[in-house]
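Novice: As input, take target-v4.txt (compact mmCIF, N, CA and C atoms and all ligand atoms):
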```txt
# COMPACT_ATOMS: atom_id res chain seq x y z
N MET A 1 7.54 158.55 73.17
CA MET A 1 8.66 157.62 73.07
C MET A 1 8.97 157.02 74.43
N PHE A 2 8.78 157.82 75.51
CA PHE A 2 9.03 157.27 76.83
C PHE A 2 8.00 156.21 77.22
N ARG A 3 6.87 156.22 76.54
CA ARG A 3 5.88 155.19 76.84
C ARG A 3 6.39 153.80 76.44
N LEU A 4 7.34 153.77 75.56
CA LEU A 4 7.88 152.48 75.13
C LEU A 4 8.77 151.85 76.19
N LEU A 5 9.32 152.68 77.06
CA LEU A 5 10.32 152.18 78.00
C LEU A 5 9.79 151.06 78.89
N PRO A 6 8.62 151.22 79.53
CA PRO A 6 8.15 150.11 80.38
C PRO A 6 8.00 148.81 79.59
N MET A 7 7.56 148.93 78.36
CA MET A 7 7.38 147.71 77.58
C MET A 7 8.73 147.05 77.29
N VAL A 8 9.72 147.87 76.96
CA VAL A 8 11.06 147.33 76.70
C VAL A 8 11.60 146.65 77.96
N LEU A 9 11.40 147.30 79.11
CA LEU A 9 11.87 146.71 80.36
C LEU A 9 11.19 145.37 80.62
N MET A 10 9.89 145.31 80.36
CA MET A 10 9.17 144.07 80.58
C MET A 10 9.72 142.95 79.71
N ILE A 11 10.04 143.30 78.47
CA ILE A 11 10.57 142.28 77.56
C ILE A 11 11.93 141.79 78.07
N VAL A 12 12.75 142.73 78.53
CA VAL A 12 14.07 142.36 79.04
C VAL A 12 13.92 141.47 80.26
N LEU A 13 13.04 141.86 81.19
CA LEU A 13 12.84 141.08 82.41
C LEU A 13 12.30 139.70 82.08
N PHE A 14 11.34 139.66 81.17
CA PHE A 14 10.72 138.38 80.85
C PHE A 14 11.73 137.44 80.20
N SER A 15 12.53 137.98 79.27
CA SER A 15 13.43 137.09 78.56
C SER A 15 14.53 136.58 79.49
N SER A 16 14.93 137.39 80.50
CA SER A 16 15.98 136.90 81.38
C SER A 16 15.41 135.88 82.37
N SER A 17 14.15 136.06 82.80
CA SER A 17 13.63 135.13 83.78
C SER A 17 13.12 133.84 83.13
N SER A 18 12.90 133.87 81.82
CA SER A 18 12.43 132.65 81.18
C SER A 18 13.57 131.63 81.06
N ALA A 19 14.82 132.13 81.08
CA ALA A 19 15.95 131.20 81.15
C ALA A 19 16.13 130.82 82.61
N PHE A 20 15.29 129.90 83.09
CA PHE A 20 15.20 129.71 84.54
C PHE A 20 16.40 129.00 85.13
N ALA A 21 17.04 128.15 84.36
CA ALA A 21 18.17 127.40 84.91
C ALA A 21 19.26 128.36 85.37
N LEU A 22 19.51 128.39 86.67
CA LEU A 22 20.52 129.29 87.19
C LEU A 22 21.90 128.66 87.04
N ASN A 23 22.85 129.45 86.55
CA ASN A 23 24.24 129.02 86.43
C ASN A 23 24.37 127.66 85.73
N SER A 24 23.60 127.50 84.67
CA SER A 24 23.65 126.30 83.81
C SER A 24 23.24 125.03 84.54
N CYS A 25 22.49 125.14 85.60
CA CYS A 25 21.98 123.96 86.30
C CYS A 25 20.56 123.67 85.82
N GLN A 26 20.44 122.68 84.92
CA GLN A 26 19.13 122.25 84.44
C GLN A 26 18.51 121.30 85.46
N ASP A 27 17.21 121.10 85.35
CA ASP A 27 16.50 120.23 86.30
C ASP A 27 17.18 118.87 86.48
N GLY A 28 17.61 118.26 85.38
CA GLY A 28 18.19 116.92 85.45
C GLY A 28 19.61 116.88 85.98
N ASP A 29 20.21 118.05 86.20
CA ASP A 29 21.61 118.10 86.62
C ASP A 29 21.80 117.99 88.14
N PHE A 30 20.71 118.11 88.90
CA PHE A 30 20.85 118.24 90.35
C PHE A 30 21.06 116.90 91.03
N ALA A 31 22.16 116.78 91.78
CA ALA A 31 22.37 115.62 92.65
C ALA A 31 21.46 115.77 93.86
N ASP A 32 20.76 114.68 94.19
CA ASP A 32 19.82 114.73 95.30
C ASP A 32 20.53 114.36 96.59
N MET A 33 20.81 115.35 97.42
CA MET A 33 21.48 115.09 98.69
C MET A 33 20.61 115.55 99.85
N ARG A 34 19.30 115.46 99.65
CA ARG A 34 18.38 115.80 100.73
C ARG A 34 18.63 114.88 101.92
N GLY A 35 18.46 115.41 103.11
CA GLY A 35 18.61 114.61 104.31
C GLY A 35 20.04 114.51 104.82
N GLU A 36 21.01 115.02 104.05
CA GLU A 36 22.40 115.04 104.53
C GLU A 36 22.60 116.28 105.40
N ALA A 37 23.21 116.08 106.56
CA ALA A 37 23.44 117.22 107.45
C ALA A 37 24.55 118.12 106.91
N VAL A 38 25.52 117.48 106.24
CA VAL A 38 26.67 118.21 105.70
C VAL A 38 26.87 117.78 104.25
N VAL A 39 27.04 118.75 103.39
CA VAL A 39 27.32 118.47 101.98
C VAL A 39 28.59 119.22 101.60
N ARG A 40 29.50 118.52 100.91
CA ARG A 40 30.76 119.15 100.52
C ARG A 40 30.78 119.41 99.02
N ILE A 41 31.22 120.59 98.65
CA ILE A 41 31.36 120.95 97.24
C ILE A 41 32.79 121.42 97.03
N ALA A 42 33.48 120.80 96.06
CA ALA A 42 34.89 121.14 95.82
C ALA A 42 35.19 121.09 94.34
N ASN A 43 36.18 121.86 93.91
CA ASN A 43 36.67 121.77 92.52
C ASN A 43 37.77 120.71 92.49
N ASP A 44 37.38 119.47 92.80
CA ASP A 44 38.37 118.40 92.98
C ASP A 44 38.37 117.39 91.83
N ASP A 45 37.89 117.80 90.67
CA ASP A 45 37.96 116.92 89.51
C ASP A 45 39.36 117.01 88.91
N PRO A 46 40.15 115.91 88.96
CA PRO A 46 41.53 116.00 88.47
C PRO A 46 41.62 116.33 86.98
N THR A 47 40.55 116.09 86.22
CA THR A 47 40.60 116.38 84.79
C THR A 47 40.10 117.78 84.48
N ASN A 48 39.52 118.46 85.46
CA ASN A 48 39.00 119.81 85.20
C ASN A 48 38.94 120.60 86.50
N PRO A 49 39.99 121.42 86.77
CA PRO A 49 40.03 122.16 88.03
C PRO A 49 38.99 123.26 88.13
N PHE A 50 38.26 123.51 87.03
CA PHE A 50 37.24 124.56 87.03
C PHE A 50 35.84 123.99 87.23
N ARG A 51 35.77 122.73 87.63
CA ARG A 51 34.46 122.09 87.77
C ARG A 51 34.18 121.81 89.24
N TYR A 52 33.05 122.33 89.72
CA TYR A 52 32.63 122.01 91.09
C TYR A 52 31.96 120.64 91.11
N ARG A 53 32.21 119.90 92.16
CA ARG A 53 31.53 118.61 92.36
C ARG A 53 30.93 118.55 93.75
N PRO A 54 29.60 118.34 93.91
CA PRO A 54 28.63 118.41 92.81
C PRO A 54 28.44 119.87 92.38
N ARG A 55 28.17 120.03 91.10
CA ARG A 55 27.99 121.37 90.56
C ARG A 55 26.58 121.90 90.86
N CYS A 56 25.60 121.00 90.78
CA CYS A 56 24.21 121.36 91.02
C CYS A 56 23.67 120.34 92.02
N VAL A 57 23.10 120.79 93.11
CA VAL A 57 22.73 119.86 94.17
C VAL A 57 21.46 120.34 94.88
N ILE A 58 20.64 119.38 95.29
CA ILE A 58 19.46 119.66 96.10
C ILE A 58 19.75 119.22 97.53
N VAL A 59 19.52 120.09 98.49
CA VAL A 59 19.74 119.77 99.90
C VAL A 59 18.49 120.15 100.69
N SER A 60 18.43 119.65 101.93
CA SER A 60 17.34 120.02 102.82
C SER A 60 17.68 121.31 103.56
N GLU A 61 16.64 121.96 104.05
CA GLU A 61 16.86 123.15 104.89
C GLU A 61 17.74 122.78 106.08
N ALA A 62 18.54 123.73 106.51
CA ALA A 62 19.45 123.58 107.65
C ALA A 62 20.59 122.61 107.35
N THR A 63 20.99 122.55 106.09
CA THR A 63 22.19 121.80 105.71
C THR A 63 23.40 122.72 105.78
N ARG A 64 24.50 122.18 106.31
CA ARG A 64 25.76 122.93 106.24
C ARG A 64 26.49 122.51 104.97
N VAL A 65 26.79 123.48 104.13
CA VAL A 65 27.55 123.20 102.91
C VAL A 65 28.98 123.66 103.14
N GLU A 66 29.90 122.70 102.98
CA GLU A 66 31.32 123.01 103.13
C GLU A 66 31.93 123.13 101.74
N PHE A 67 32.29 124.33 101.38
CA PHE A 67 32.98 124.56 100.11
C PHE A 67 34.47 124.39 100.33
N ARG A 68 35.11 123.62 99.43
CA ARG A 68 36.57 123.50 99.49
C ARG A 68 37.15 123.93 98.15
N ALA A 69 38.24 124.69 98.21
CA ALA A 69 38.89 125.17 97.00
C ALA A 69 40.28 124.57 96.89
N LEU A 70 40.61 124.05 95.71
CA LEU A 70 41.95 123.53 95.43
C LEU A 70 42.62 124.43 94.41
N PRO A 71 43.79 125.03 94.69
CA PRO A 71 44.51 124.92 95.95
C PRO A 71 43.92 125.79 97.06
N ASN A 72 43.24 126.89 96.71
CA ASN A 72 42.66 127.76 97.74
C ASN A 72 41.70 128.76 97.08
N PHE A 73 40.98 129.49 97.93
CA PHE A 73 40.03 130.47 97.41
C PHE A 73 40.73 131.71 96.84
N GLY A 74 42.01 131.90 97.17
CA GLY A 74 42.74 132.98 96.54
C GLY A 74 42.83 132.77 95.03
N MET A 75 42.94 131.49 94.63
CA MET A 75 42.98 131.15 93.21
C MET A 75 41.59 131.01 92.62
N HIS A 76 40.61 130.75 93.47
CA HIS A 76 39.24 130.51 93.01
C HIS A 76 38.23 131.20 93.93
N PRO A 77 38.22 132.53 93.95
CA PRO A 77 37.30 133.23 94.86
C PRO A 77 35.84 132.91 94.55
N LEU A 78 35.13 132.50 95.59
CA LEU A 78 33.77 132.00 95.41
C LEU A 78 32.76 133.02 95.95
N TYR A 79 31.78 133.32 95.11
CA TYR A 79 30.74 134.28 95.48
C TYR A 79 29.37 133.68 95.24
N GLY A 80 28.40 134.07 96.06
CA GLY A 80 27.01 133.76 95.77
C GLY A 80 26.51 134.72 94.72
N GLY A 81 25.80 134.19 93.71
CA GLY A 81 25.27 135.07 92.68
C GLY A 81 25.10 134.32 91.37
N THR A 82 24.69 135.04 90.36
CA THR A 82 24.33 134.41 89.09
C THR A 82 25.29 134.80 87.98
N VAL A 83 25.44 133.87 87.06
CA VAL A 83 26.19 134.12 85.83
C VAL A 83 25.21 134.10 84.67
N THR A 84 25.22 135.19 83.90
CA THR A 84 24.37 135.27 82.71
C THR A 84 25.27 135.65 81.55
N GLY A 85 25.41 134.74 80.60
CA GLY A 85 26.32 134.99 79.49
C GLY A 85 27.73 135.16 80.02
N SER A 86 28.36 136.27 79.69
CA SER A 86 29.73 136.49 80.13
C SER A 86 29.80 137.41 81.35
N MET A 87 28.64 137.60 82.02
CA MET A 87 28.60 138.52 83.15
C MET A 87 28.19 137.79 84.42
N ALA A 88 28.91 138.04 85.51
CA ALA A 88 28.57 137.49 86.81
C ALA A 88 28.05 138.60 87.71
N THR A 89 27.02 138.31 88.48
CA THR A 89 26.44 139.30 89.38
C THR A 89 26.48 138.78 90.80
N PHE A 90 27.28 139.41 91.62
CA PHE A 90 27.41 139.06 93.03
C PHE A 90 26.11 139.40 93.77
N ASP A 91 25.61 138.46 94.55
CA ASP A 91 24.41 138.70 95.34
C ASP A 91 24.81 138.86 96.81
N PRO A 92 24.85 140.10 97.31
CA PRO A 92 25.30 140.31 98.69
C PRO A 92 24.36 139.68 99.72
N ALA A 93 23.12 139.35 99.32
CA ALA A 93 22.17 138.74 100.25
C ALA A 93 22.29 137.22 100.27
N SER A 94 23.13 136.66 99.41
CA SER A 94 23.26 135.20 99.35
C SER A 94 23.85 134.67 100.65
N PRO A 95 23.37 133.51 101.13
CA PRO A 95 23.98 132.89 102.32
C PRO A 95 25.33 132.24 102.01
N ILE A 96 25.73 132.24 100.73
CA ILE A 96 26.98 131.59 100.32
C ILE A 96 28.09 132.62 100.18
N GLY A 97 29.19 132.38 100.89
CA GLY A 97 30.39 133.19 100.74
C GLY A 97 30.19 134.65 101.12
N PRO A 98 31.01 135.57 100.58
CA PRO A 98 32.14 135.24 99.69
C PRO A 98 33.31 134.62 100.45
N PHE A 99 34.01 133.73 99.72
CA PHE A 99 35.22 133.10 100.25
C PHE A 99 36.37 133.48 99.32
N THR A 100 37.34 134.21 99.86
CA THR A 100 38.42 134.71 99.00
C THR A 100 39.80 134.30 99.49
N SER A 101 39.87 133.57 100.61
CA SER A 101 41.16 133.07 101.07
C SER A 101 40.93 131.78 101.84
N GLY A 102 42.02 131.05 102.07
CA GLY A 102 41.91 129.77 102.77
C GLY A 102 41.41 128.69 101.83
N THR A 103 41.13 127.53 102.40
CA THR A 103 40.76 126.39 101.58
C THR A 103 39.35 125.89 101.85
N GLN A 104 38.74 126.33 102.95
CA GLN A 104 37.39 125.87 103.23
C GLN A 104 36.51 127.02 103.71
N GLY A 105 35.27 127.01 103.25
CA GLY A 105 34.29 127.99 103.69
C GLY A 105 32.96 127.30 103.89
N ASP A 106 32.31 127.57 105.02
CA ASP A 106 31.05 126.91 105.34
C ASP A 106 29.88 127.87 105.20
N SER A 107 28.78 127.34 104.69
CA SER A 107 27.56 128.12 104.59
C SER A 107 26.41 127.30 105.18
N MET A 108 25.65 127.92 106.06
CA MET A 108 24.43 127.27 106.56
C MET A 108 23.27 127.73 105.68
N LEU A 109 22.62 126.76 105.06
CA LEU A 109 21.50 127.10 104.20
C LEU A 109 20.21 126.76 104.95
N MET A 110 19.63 127.78 105.55
CA MET A 110 18.53 127.57 106.48
C MET A 110 17.16 127.52 105.80
N SER A 111 16.98 128.30 104.75
CA SER A 111 15.63 128.41 104.21
C SER A 111 15.59 128.03 102.74
N SER A 112 14.42 127.59 102.32
CA SER A 112 14.24 127.10 100.96
C SER A 112 14.48 128.19 99.93
N GLY A 113 14.93 127.74 98.77
CA GLY A 113 15.21 128.67 97.69
C GLY A 113 16.30 128.10 96.82
N GLU A 114 16.69 128.84 95.81
CA GLU A 114 17.83 128.41 94.99
C GLU A 114 18.95 129.42 95.14
N PHE A 115 20.15 128.90 95.41
CA PHE A 115 21.28 129.76 95.71
C PHE A 115 22.44 129.43 94.78
N PRO A 116 22.57 130.19 93.70
CA PRO A 116 23.66 129.96 92.75
C PRO A 116 24.98 130.55 93.27
N PHE A 117 26.08 130.04 92.75
CA PHE A 117 27.40 130.52 93.16
C PHE A 117 28.35 130.41 91.97
N PHE A 118 29.47 131.12 92.06
CA PHE A 118 30.43 131.09 90.95
C PHE A 118 31.82 131.44 91.44
N CYS A 119 32.82 131.03 90.65
CA CYS A 119 34.20 131.46 90.87
C CYS A 119 34.40 132.74 90.07
N ASP A 120 34.85 133.78 90.77
CA ASP A 120 34.95 135.09 90.12
C ASP A 120 36.02 135.11 89.02
N PHE A 121 36.99 134.20 89.07
CA PHE A 121 38.05 134.19 88.06
C PHE A 121 37.68 133.33 86.85
N HIS A 122 36.91 132.29 87.04
CA HIS A 122 36.76 131.27 86.00
C HIS A 122 35.32 130.96 85.63
N PHE A 123 34.38 131.83 85.97
CA PHE A 123 32.99 131.49 85.64
C PHE A 123 32.77 131.37 84.14
N THR A 124 33.58 132.09 83.35
CA THR A 124 33.40 131.95 81.89
C THR A 124 33.86 130.58 81.40
N SER A 125 34.65 129.87 82.22
CA SER A 125 35.03 128.49 81.90
C SER A 125 34.07 127.48 82.52
N GLY A 126 32.96 127.97 83.02
CA GLY A 126 31.96 127.07 83.57
C GLY A 126 32.09 126.81 85.06
N MET A 127 32.97 127.58 85.72
CA MET A 127 33.16 127.35 87.15
C MET A 127 32.05 128.05 87.93
N MET A 128 30.92 127.35 88.01
CA MET A 128 29.73 127.89 88.68
C MET A 128 28.81 126.72 89.00
N GLY A 129 27.85 126.99 89.84
CA GLY A 129 26.91 125.95 90.22
C GLY A 129 25.73 126.55 90.93
N SER A 130 24.86 125.68 91.44
CA SER A 130 23.68 126.18 92.12
C SER A 130 23.18 125.14 93.12
N ILE A 131 22.65 125.64 94.22
CA ILE A 131 22.13 124.76 95.27
C ILE A 131 20.65 125.07 95.47
N ARG A 132 19.83 124.03 95.34
CA ARG A 132 18.41 124.18 95.66
C ARG A 132 18.17 123.67 97.06
N VAL A 133 17.54 124.49 97.88
CA VAL A 133 17.23 124.11 99.25
C VAL A 133 15.73 123.89 99.35
N VAL A 134 15.35 122.71 99.87
CA VAL A 134 13.93 122.36 99.97
C VAL A 134 13.61 122.03 101.43
N PRO A 135 12.33 122.08 101.81
CA PRO A 135 11.97 121.81 103.20
C PRO A 135 12.51 120.46 103.67
N GLU A 136 12.87 120.41 104.92
CA GLU A 136 13.49 119.22 105.50
C GLU A 136 12.55 118.03 105.46
N LEU A 137 13.12 116.87 105.16
CA LEU A 137 12.33 115.63 105.19
C LEU A 137 12.25 115.14 106.62
N PHE A 138 11.11 114.59 106.98
CA PHE A 138 10.95 114.07 108.34
C PHE A 138 11.22 112.57 108.36
N ALA A 139 11.65 112.10 109.52
CA ALA A 139 12.08 110.70 109.66
C ALA A 139 10.98 109.74 109.26
N GLU A 140 9.73 110.12 109.49
CA GLU A 140 8.61 109.23 109.15
C GLU A 140 8.57 108.92 107.65
N GLY A 141 9.16 109.80 106.87
CA GLY A 141 9.11 109.61 105.44
C GLY A 141 10.04 108.51 104.94
N PHE A 142 10.95 108.02 105.81
CA PHE A 142 11.92 107.02 105.40
C PHE A 142 11.51 105.63 105.87
N ASP A 143 12.00 104.62 105.18
CA ASP A 143 11.80 103.25 105.67
C ASP A 143 12.90 102.88 106.62
CU CU A 201 38.22 129.42 89.71
```
Can I see the file as structure tokens?
Ligand SMILES: [Cu+2]
Specialist:
Amino acid sequence: MFRLLPMVLMIVLFSSSSAFALNSCQDGDFADMRGEAVVRIANDDPTNPFRYRPRCVIVSEATRVEFRALPNFGMHPLYGGTVTGSMATFDPASPIGPFTSGTQGDSMLMSSGEFPFFCDFHFTSGMMGSIRVVPELFAEGFD
């Protein structure tokens, strides 16, 4: 019976990783902000205080992301990590946050990867997002 355990684990791992979109950020949802030195993300939508703008964004390596919370992070504590269903998992290795007080928190995103984040109070209301970091574009690539 214990021989079944590895197989069950594999099925669990496979099914969770096949849902690749982190924190409900599908490929088409990402705002392209590559080449910006500073990118700001805030829950500043007057019609929905639980919505980050931009919620899903692509930036270049070595971008400073300034998170702003309205009214403050005490009301919307922000953590790096993933939301799966009704469960949020804090990632202590994330370069994002945690921000639990004040109104602004900065994160330097130095290396490529995807870095999801969420509000610990309201992630079940969709207060979450994700940042994809890609290698920096060089000036020669622009007109
Ligand atoms: Cu919140």
Novice: One decimal, in Å: what's the spacing between atom CA of Phe67 of chain A and atom CA of Gly105 of chain A?
Specialist: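 Calculated distance between atom CA of Phe67 of chain A and atom CA of Gly105 of chain A is 5.1 Å.
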Novice: Once you count all atoms listed in the file, which residues end up within 7 Å of ligand CU 201 (chain A), and could you hand them over as a ChimeraX atom specification?
Specialist: /A:49-50,75-77,118-123,127
Novice: When distances are computed from all atoms listed in the file, which of A:Gly102, A:Pro135, A:Gly113, A:Gly126 shows the smallest separation from Phe73 of chain A?
Specialist: A:Gly102
Novice: Nearest residue to Ala88 of chain A out of A:Thr124, A:Gly28, A:Ser112, A:Tyr52, using only N, CA and C atoms?
Specialist: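 Comparing A:Thr124, A:Gly28, A:Ser112, A:Tyr52 against Ala88 of chain A, the winner is A:Thr124.
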Novice: State, in Å with one decimal place, the distance from atom CA of Glu36 of chain A to atom CA of Thr82 of chain A.
Specialist: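 These atoms are spaced 24.8 Å apart.
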Novice: List every residue of segment 21-52 of chain A that DSSP, applied to the backbone, labels as helix (DSSP H, G or I), and write the result as a list in words.
Specialist: Leu22, Asn23, Ser24, Asp27, Gly28 and Asp29 of chain A
Novice: Pick out the closest residue to Gly80 of chain A from this set: A:Leu22, A:Phe117, A:Asp44, A:Leu109. Count only N, CA and C atoms.
Specialist: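 For Gly80 of chain A, the nearest of the candidates is A:Phe117.
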Novice: Out of segment 10-114 of chain A, which residues get strand (DSSP E or B) from DSSP, as a ChimeraX atom specification?
Specialist: /A:31-32,38-42,53,56-60,63-68,78-84,87-90,99,104-109,113-114
Novice: Looking at only C-alpha atoms, which of A:Pro95, A:Ala31, A:Leu70, A:Leu78 is the one that sits closest to Pro46 of chain A?
Specialist: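 Of A:Pro95, A:Ala31, A:Leu70, A:Leu78, the one nearest Pro46 of chain A, counting only C-alpha atoms, is A:Leu70.
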Novice: In Å, rounded to a single decimal, give me how far atom C of Gly129 of chain A is from atom N of Ile96 of chain A.
Specialist: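 It comes out at 11.3 Å.
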Novice: Using all atoms listed in the file, which of the listed residues (A:Ala69, A:Val133, A:Val38, A:Ile58) sits closest to Met110 of chain A?
Specialist: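 Checking each candidate against Met110 of chain A, we get A:Val133 as the closest.
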